[in-house]
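Chemist: Sharing a structure with you now.
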Protein chains: 2
Amino acid sequence: MKQDPKYLDNLRHSAAHLLAAAVTELWPEALPTIGPPIENGFYYDFDNLKISEGDLARIEEKMRELVKTWKSFERTEVDEKEAQERYAKNPYKKELIADLAGQGVTLSVYTAGAFADLCRGGHVGHPDRELKHFKLLSIAGAYWRGNEKNKMLTRIYGTAFEKKAELDAFLLQQEEAKKRDHRKIGREQELFLISPSVGAGFPLYQPKGFILWRELQNWIMREKEARGYQFVWTPHVAKSDLYKQSGHWQKYDAMMSPMKLDDEEYVVKPMNCPHHFQIYNERPHSYRELPLRIAENATVYRFEKAGEVNGLLRVRALTQDDSHIFVRHDQIAQEIDNILDLALHVYETFGFKEYKARISVRDPQDPSKYLGEKENWDKAENALVDAVKKRGMPYFVGEGEAAFYGPKIDIVVKDALGREWQLTTCQLDFVQPENFALRYISEQGKEEAPAVLHVAILGSVDRFLGILIEHYAGVFPLWLAPVQVTLIPIAERHGEAAQKAAAALRAAGIRVQVDERSESMQAKIRAATLQKVPYMGIIGDREAANNEVAARTQTGQDLKAQPLEQFIRRLKEEIERIR
Amino acid sequence: MKQDPKYLDNLRHSAAHLLAAAVTELWPEALPTIGPPIENGFYYDFDNLKISEGDLARIEEKMRELVKTWKSFERTEVDEKEAQERYAKNPYKKELIADLAGQGVTLSVYTAGAFADLCRGGHVGHPDRELKHFKLLSIAGAYWRGNEKNKMLTRIYGTAFEKKAELDAFLLQQEEAKKRDHRKIGREQELFLISPSVGAGFPLYQPKGFILWRELQNWIMREKEARGYQFVWTPHVAKSDLYKQSGHWQKYDAMMSPMKLDDEEYVVKPMNCPHHFQIYNERPHSYRELPLRIAENATVYRFEKAGEVNGLLRVRALTQDDSHIFVRHDQIAQEIDNILDLALHVYETFGFKEYKARISVRDPQDPSKYLGEKENWDKAENALVDAVKKRGMPYFVGEGEAAFYGPKIDIVVKDALGREWQLTTCQLDFVQPENFALRYISEQGKEEAPAVLHVAILGSVDRFLGILIEHYAGVFPLWLAPVQVTLIPIAERHGEAAQKAAAALRAAGIRVQVDERSESMQAKIRAATLQKVPYMGIIGDREAANNEVAARTQTGQDLKAQPLEQFIRRLKEEIERIR
């Protein structure tokens, strides 16, 4: 039974039943709706239920009491009429019943203990013995059937595991994740803010957040320039005709709404491809110039639902480290390898040690729905698989997941808490070169169409930064840290020496602040530690006299008094080494 | 007569009459409309005239012939009826006559030689003797009365000067300006492009233009950071309510049209002030923190008429080196001095040697129309004047030119051709602090409103770049040059040594290209010279064997063969020194 990959889902779905049983016993007027298992747990949505997080312990207690009587789940088939009568007072269940019956589904009710629920099945055999390690987690609002035009219901989230150790590990990770929440750290460290006057999903970077955001972008820009990428800049507004030519207007559902200038329709750009194609087409190209790598760190605007935006992770204004690589078909394999090389270098830099690739290829059952020549597709798909194999990268192939215009690779990485994030994407495209008549002159002097690779390594810089904040728990590596050193004069008389040392650090390109408050040295060390400043330099009589600092790290390591020059050298070396 | 500052206007207006006389003699069906003097010359607009630039010489010849008979301008007053009869076949003059008569203006006709024109006067006394040094310059389309809903007329531009030497100098400057046209150099050097698919006024930077644009921005950013500015980033889209709060929505006529997201109205930002106020207001401030300098190199979007956009000089997408400085009222004078210090440093860096300040103050006749306390205005206006005086900067005071919310300084600089460009602006603002409830806690523990300085030093980075392209005629200083060195292998066998040298230059942060075409050394030197690459490094047998380059400059100076290391050191020193 433990071998069944569905076991955890069944366990959690059973827990959802149990949750509904406890809630309806405690609040008989509550109307249960649906309660599926989800990744990492389960939920159940109720109408007519006004509770707070403080009630979760009570509900959990009731669940533990009830589960003792749940020896098994008993299935009973019911016809539509019987089902409708049973749920006469619950319009949500009635709607579900009508829908299911309309689709010709056999209706069933599952009973455990004294509680029965309309359900198609998927439970554990012996809830009283198996359903022991569960926990209710939180309450949220959720629209009935996810549609914001429907009524807002009360959703209770919980989780369940087979073993206590698994539950404990999960709860610990959850707790750690809460501490690392990038929105919380963003507020504490004054990195970014969301202003209701500007709009949901449009983050503003405060000075410290801007340093992180800029350092990340400068770093990826340098890495790309060293690999032959050429950077460009294109405006955030363009005629909507441009996106009609690319097909986004017709097919891309996150387009912002258009605006009128003169008598023409313009729109803020959701992506950069058609802009980069204008630059490619500005002059003719020879086969010798390919691969031609056009890159831009560009802010694009996408319509995400207001209810779905989340800090930096899901926004309406996102800055991508975008690039479009124009390649000959015989260069695809080598260029994919170059891209993986860069991606792996990025993951290594930030300490992401585990990753896997998803390769999206054609549906072998339906070859007709893909544009471009079969031979090119065959070669390209093989090139993608060969490239990840060559790099020894774990991967899986998603058959039928390719877009109609080409196969792609996405890479998912695990962060310090073991959570998975999709970062890099590399999409091959055989169709846009036709839409925009992209051409080069081949060695034989003929006009040929290149393939285009749409590549983002970090993906959205904003989202990547959000992930990094959580991955590092706000303790950034020295090269990224908004403030790299806090200087701490012990008494007021050391202030001048501290300012002199600060000037020397600044001249060496190091971001430094001086804590001149009239607080004790201990209080200042505590403050810098809480602000996650990587290094402190304490200056008392001896240090002031000898042009020294007593250095220590954010983690509390005492580096002893040392000449200021030595301290600067150490910092510069660390900055250079990491980046 | 020469002392009269209006003399040049009168001379040019006389020339406009002469132009109309010549045109109507050559093309009797042409309908003259209006012909005023303008800066640097004059124009006359005609309907019913289809000519090309090739016709200008003929017209000029006719003008020279006619002017001999123009002894003077004779004024005749006419009543409306008489005037309407005289211009019965010219609907433009008829419209003017009706308008002027409606305003109660006495109508007059001025006759010189055989040509009479409806005119309110302003001519030279003896055209046959005074009107000798003129030249027709170009033809353009222009809407009647500047309104694009009216008919497009044919405009002929010309100029006239008192002395031949002045005309010659002007024509030479014009010719030089044509060669330096930033749109022409932009195309030749592949710096930027305007794509009709993206839209007029929305330039796209190609890789080389992006380097210029980025280097400029990084440089001004470093200069500002060294002066205590803190950089932020804010999105390009915000709720239109934000601009209602700032008053731009009601008063600023270059707002883009709005777009709908969810059920709310959003707009691309025309300026950054209200965004930076959100950042300021995110936390309380102490008097100790002021001046607080928030800066952003931000792309803003402004509605300019399609017919008025021009290369990089006037665009719809412009990136400003914007900043908002929050100051106590007692800090205004010092902060203005800081700003002038930075501005002068910028002009010196780019070799702009002449500049003057325009200080816009209240209209003493109408003190009621200005918001804010009189005492603050008095102090602020004095502070502006004192600041420019202290710097020994030429200036003039524009009474009544201040906005209702505060006085300001604009600085106009002269480029290498003596043309004037407005760059830096510094606007004091007493009103937005109230609109956005900006506050700080004073030394006495009270809530006070800071003043805000809206400051852009370069102004629009795009426009500044356009000006620099013309100022430098495309020959950029080393630190800005998109390609800093071209390496020239003399024969194919030197290619490998050239690539090795290129790698060493690149590792030193220098932008280098290798010209590996199978062309002669002379042809390659010519190509690099035409591309305005500041340095060349030629590599033949001797240089390849000794790890040397034979260095030369774009201007043709021979720097002799030298060790590659020495060449790199020279370049790095020059880059560091200039920036």
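As shown in the structure tokens, the chain order sets the letters A, B, ...; within each chain, residues go from 1, and ligands are also counted from 1 in the order they appear.
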Range 284-379 of chain B near range 232-240 of chain A within 12 Å: what's each residue's closest atom pair and its distance in Å to one decimal, counting only C-alpha atoms, ordered by chain then ascending residue number, as JSON lines?
Modeler:
{"residue": "B:Ala298", "atom": "CA", "partner": "A:Pro235", "partner_atom": "CA", "distance": 11.5}
{"residue": "B:Thr299", "atom": "CA", "partner": "A:Pro235", "partner_atom": "CA", "distance": 8.2}
{"residue": "B:Val300", "atom": "CA", "partner": "A:His236", "partner_atom": "CA", "distance": 9.5}
{"residue": "B:Tyr301", "atom": "CA", "partner": "A:Val237", "partner_atom": "CA", "distance": 8.5}
{"residue": "B:Arg302", "atom": "CA", "partner": "A:Val237", "partner_atom": "CA", "distance": 11.0}
{"residue": "B:Phe303", "atom": "CA", "partner": "A:Val237", "partner_atom": "CA", "distance": 11.9}
{"residue": "B:Val315", "atom": "CA", "partner": "A:Pro235", "partner_atom": "CA", "distance": 10.9}
{"residue": "B:Arg316", "atom": "CA", "partner": "A:Val237", "partner_atom": "CA", "distance": 9.4}
{"residue": "B:Ala317", "atom": "CA", "partner": "A:Pro235", "partner_atom": "CA", "distance": 6.5}
{"residue": "B:Leu318", "atom": "CA", "partner": "A:Pro235", "partner_atom": "CA", "distance": 8.8}
{"residue": "B:Thr319", "atom": "CA", "partner": "A:Pro235", "partner_atom": "CA", "distance": 9.7}
Chemist: Could you give the C-alpha RMSD in Å for chain A superposed on chain B, pairing all atoms in order?
Modeler: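 Here the C-alpha RMSD works out to 0.2 Å.
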Chemist: In range 77-292 of chain B, what's helix (DSSP H, G or I) per DSSP? Answer as a PyMOL selection string?
Modeler: chain B and resi 80-86+91-102+127-130+144-146+164-180+182-188+207-226+240-246+248-251+273-280+287-289
Chemist: Could you give me, as a ChimeraX atom specification, the residues within 9 Å of Gly418 in chain B, counting only C-alpha atoms and dropping anything in the same chain fewer than 5 positions from it?
Modeler: /B:173,354,413
Chemist: Grab the residues selected above and save them as a PDB file, in the first residue's frame with N, CA, C and O atoms.
Modeler:
ATOM      1  N   GLN B 173      27.843  76.090 -40.669  1.00  0.00           N
ATOM      2  CA  GLN B 173      27.349  75.415 -39.474  1.00  0.00           C
ATOM      3  C   GLN B 173      26.210  74.455 -39.833  1.00  0.00           C
ATOM      4  O   GLN B 173      26.127  73.349 -39.336  1.00  0.00           O
ATOM      5  N   GLU B 354      30.076  76.546 -22.588  1.00  0.00           N
ATOM      6  CA  GLU B 354      29.222  77.706 -22.335  1.00  0.00           C
ATOM      7  C   GLU B 354      27.840  77.253 -21.896  1.00  0.00           C
ATOM      8  O   GLU B 354      27.285  76.309 -22.467  1.00  0.00           O
ATOM      9  N   VAL B 413      22.857  74.813 -22.471  1.00  0.00           N
ATOM     10  CA  VAL B 413      24.282  74.738 -22.809  1.00  0.00           C
ATOM     11  C   VAL B 413      24.469  74.883 -24.322  1.00  0.00           C
ATOM     12  O   VAL B 413      23.544  74.616 -25.093  1.00  0.00           O
TER      13      VAL B 413
END
Chemist: Using only C-alpha atoms, which protein or nucleic acid residues come within 7 Å of Pro394 in chain B? Drop anything in the same chain fewer than 2 positions from it, and give the result as a list in words.
Modeler: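 That gives Lys356, Ala357 and Gly392 of chain B.
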Chemist: How close does each residue of chain A get to chain B, giving the shortest atom pair and distance in Å to one decimal for every residue with an atom at most 6 Å away, counting only C-alpha atoms, sorted by chain and residue number, as CSV?
Modeler:
residue,atom,partner,partner_atom,distance
A:Ser197,CA,B:Leu242,CA,5.8
A:Val198,CA,B:Ala238,CA,4.6
A:Leu204,CA,B:Thr234,CA,4.6
A:Tyr205,CA,B:Trp233,CA,5.0
A:Gln206,CA,B:Val232,CA,5.3
A:Pro207,CA,B:Val232,CA,5.0
A:Phe210,CA,B:Val232,CA,5.3
A:Gln230,CA,B:Pro207,CA,5.7
A:Phe231,CA,B:Pro207,CA,5.4
A:Val232,CA,B:Pro207,CA,5.0
A:Trp233,CA,B:Tyr205,CA,5.1
A:Thr234,CA,B:Leu204,CA,4.6
A:Ala238,CA,B:Val198,CA,4.6
A:Lys239,CA,B:Val198,CA,5.3
A:Leu242,CA,B:Ser197,CA,5.8
A:Ser257,CA,B:Met259,CA,5.8
A:Met259,CA,B:Met259,CA,5.5
Chemist: As a list in words, please: the residues near range 558-575 of chain A (cut-off 8 Å, only C-alpha atoms, same-chain neighbours under 3 positions excluded).
Modeler: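 Those residues are Leu478, Trp479, Ala501, Leu505, Ala508, Ile510, Glu543, Asn546, Asn547, Glu548, Val549, Ala550, Ala551, Arg552, Thr553, Ile578 and Arg579 of chain A.
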Chemist: Once you have the residues from the selection above, write them out as an mmCIF file, in the first residue's frame, restricted to C-alpha atoms.
Modeler:
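Output contents, as saved in again17.cif:
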data_model
loop_
_atom_site.group_PDB
_atom_site.id
_atom_site.type_symbol
_atom_site.label_atom_id
_atom_site.label_comp_id
_atom_site.auth_asym_id
_atom_site.auth_seq_id
_atom_site.Cartn_x
_atom_site.Cartn_y
_atom_site.Cartn_z
ATOM 1 C CA LEU A 478 28.543 39.653 0.213
ATOM 2 C CA TRP A 479 28.448 40.700 -3.460
ATOM 3 C CA ALA A 501 37.157 54.239 7.485
ATOM 4 C CA LEU A 505 35.583 51.446 2.113
ATOM 5 C CA ALA A 508 36.999 50.731 -2.735
ATOM 6 C CA ILE A 510 32.084 48.704 -0.832
ATOM 7 C CA GLU A 543 41.493 50.661 16.298
ATOM 8 C CA ASN A 546 46.087 52.283 14.470
ATOM 9 C CA ASN A 547 43.742 52.658 11.465
ATOM 10 C CA GLU A 548 42.299 49.251 12.236
ATOM 11 C CA VAL A 549 38.881 47.667 12.606
ATOM 12 C CA ALA A 550 37.855 44.784 14.861
ATOM 13 C CA ALA A 551 36.029 42.734 12.243
ATOM 14 C CA ARG A 552 33.264 40.208 12.776
ATOM 15 C CA THR A 553 30.748 38.409 10.595
ATOM 16 C CA ILE A 578 31.753 34.915 -5.633
ATOM 17 C CA ARG A 579 30.700 36.916 -8.591
#
Chemist: Please return as number ranges by chain: the residues of range 443-498 of chain A that backbone DSSP assigns to strand (DSSP E or B).
Modeler: A: 447-448, 451-460, 485-489
Chemist: Include all heavy atoms and write out the residues we just selected as a CSV table (one decimal), in the first residue's frame.
Modeler:
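Resulting contents of selection_19.csv:
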chain,number,residue,atom,x,y,z
A,447,GLU,N,19.1,32.6,-49.4
A,447,GLU,CA,18.4,33.1,-48.2
A,447,GLU,C,17.8,32.0,-47.4
A,447,GLU,O,17.1,31.1,-48.0
A,447,GLU,CB,17.2,34.0,-48.7
A,447,GLU,CG,17.6,35.4,-48.9
A,447,GLU,CD,16.4,36.3,-48.8
A,447,GLU,OE1,15.2,35.8,-48.9
A,447,GLU,OE2,16.6,37.5,-48.5
A,448,GLU,N,18.1,31.9,-46.2
A,448,GLU,CA,17.6,30.8,-45.3
A,448,GLU,C,17.0,31.4,-44.1
A,448,GLU,O,17.3,32.5,-43.7
A,448,GLU,CB,18.7,29.9,-44.9
A,448,GLU,CG,19.5,29.3,-46.0
A,448,GLU,CD,19.1,27.9,-46.3
A,448,GLU,OE1,18.1,27.5,-45.8
A,448,GLU,OE2,19.8,27.3,-47.1
A,451,ALA,N,16.5,29.4,-37.0
A,451,ALA,CA,15.6,29.1,-35.9
A,451,ALA,C,15.8,30.1,-34.8
A,451,ALA,O,16.9,30.8,-34.8
A,451,ALA,CB,15.9,27.7,-35.4
A,452,VAL,N,14.8,30.4,-34.0
A,452,VAL,CA,15.0,31.3,-32.9
A,452,VAL,C,14.9,30.5,-31.6
A,452,VAL,O,14.0,29.7,-31.4
A,452,VAL,CB,13.9,32.4,-33.0
A,452,VAL,CG1,13.9,33.2,-31.7
A,452,VAL,CG2,14.2,33.3,-34.1
A,453,LEU,N,15.8,30.8,-30.7
A,453,LEU,CA,15.7,30.3,-29.3
A,453,LEU,C,15.3,31.4,-28.4
A,453,LEU,O,16.0,32.5,-28.3
A,453,LEU,CB,17.1,29.7,-28.8
A,453,LEU,CG,17.5,28.4,-29.5
A,453,LEU,CD1,19.0,28.3,-29.4
A,453,LEU,CD2,16.8,27.3,-28.8
A,454,HIS,N,14.1,31.3,-27.7
A,454,HIS,CA,13.7,32.3,-26.7
A,454,HIS,C,14.3,31.8,-25.4
A,454,HIS,O,13.9,30.7,-24.9
A,454,HIS,CB,12.2,32.3,-26.6
A,454,HIS,CG,11.4,32.6,-27.9
A,454,HIS,ND1,10.8,33.8,-28.2
A,454,HIS,CD2,11.2,31.8,-28.9
A,454,HIS,CE1,10.2,33.7,-29.3
A,454,HIS,NE2,10.4,32.5,-29.8
A,455,VAL,N,15.1,32.5,-24.8
A,455,VAL,CA,15.8,32.0,-23.6
A,455,VAL,C,15.8,33.0,-22.4
A,455,VAL,O,16.1,34.2,-22.6
A,455,VAL,CB,17.3,31.7,-23.9
A,455,VAL,CG1,18.0,31.1,-22.6
A,455,VAL,CG2,17.4,30.8,-25.1
A,456,ALA,N,15.3,32.6,-21.3
A,456,ALA,CA,15.5,33.4,-20.0
A,456,ALA,C,16.2,32.5,-19.0
A,456,ALA,O,15.7,31.4,-18.8
A,456,ALA,CB,14.2,33.9,-19.5
A,457,ILE,N,17.3,32.9,-18.4
A,457,ILE,CA,18.0,32.1,-17.5
A,457,ILE,C,17.5,32.2,-16.1
A,457,ILE,O,17.1,31.2,-15.5
A,457,ILE,CB,19.5,32.4,-17.5
A,457,ILE,CG1,20.1,32.3,-19.0
A,457,ILE,CG2,20.3,31.5,-16.6
A,457,ILE,CD1,20.2,30.9,-19.5
A,458,LEU,N,17.4,33.4,-15.6
A,458,LEU,CA,16.8,33.6,-14.3
A,458,LEU,C,15.3,33.6,-14.4
A,458,LEU,O,14.6,33.4,-13.4
A,458,LEU,CB,17.2,35.0,-13.7
A,458,LEU,CG,18.7,35.4,-13.7
A,458,LEU,CD1,18.8,36.8,-13.1
A,458,LEU,CD2,19.4,34.4,-12.8
A,459,GLY,N,14.8,33.9,-15.6
A,459,GLY,CA,13.3,34.0,-15.8
A,459,GLY,C,12.9,35.4,-15.5
A,459,GLY,O,13.5,36.3,-16.1
A,460,SER,N,12.0,35.6,-14.5
A,460,SER,CA,11.7,37.0,-14.1
A,460,SER,C,12.7,37.3,-13.0
A,460,SER,O,12.9,36.6,-12.0
A,460,SER,CB,10.3,37.0,-13.5
A,460,SER,OG,10.2,38.0,-12.5
A,485,VAL,N,28.9,46.3,4.9
A,485,VAL,CA,29.6,46.5,6.1
A,485,VAL,C,28.9,47.5,7.0
A,485,VAL,O,28.5,48.6,6.5
A,485,VAL,CB,31.1,46.9,5.9
A,485,VAL,CG1,31.8,47.3,7.2
A,485,VAL,CG2,31.9,45.9,5.1
A,486,THR,N,28.7,47.2,8.3
A,486,THR,CA,28.3,48.3,9.2
A,486,THR,C,29.5,48.6,10.1
A,486,THR,O,30.1,47.7,10.7
A,486,THR,CB,27.2,47.8,10.1
A,486,THR,OG1,26.1,47.5,9.3
A,486,THR,CG2,26.8,48.8,11.2
A,487,LEU,N,29.9,49.8,10.2
A,487,LEU,CA,31.0,50.2,11.1
A,487,LEU,C,30.4,50.7,12.4
A,487,LEU,O,29.4,51.4,12.4
A,487,LEU,CB,31.8,51.4,10.4
A,487,LEU,CG,32.7,50.9,9.2
A,487,LEU,CD1,33.4,52.1,8.7
A,487,LEU,CD2,33.7,49.8,9.6
A,488,ILE,N,31.0,50.2,13.5
A,488,ILE,CA,30.4,50.5,14.8
A,488,ILE,C,31.4,51.2,15.7
A,488,ILE,O,32.3,50.6,16.2
A,488,ILE,CB,30.0,49.2,15.5
A,488,ILE,CG1,28.9,48.5,14.6
A,488,ILE,CG2,29.5,49.4,16.9
A,488,ILE,CD1,28.4,47.2,15.1
A,489,PRO,N,31.3,52.6,15.7
A,489,PRO,CA,32.2,53.3,16.7
A,489,PRO,C,31.7,53.0,18.1
A,489,PRO,O,30.5,53.0,18.4
A,489,PRO,CB,32.0,54.8,16.3
A,489,PRO,CG,30.7,54.8,15.6
A,489,PRO,CD,30.4,53.5,15.0
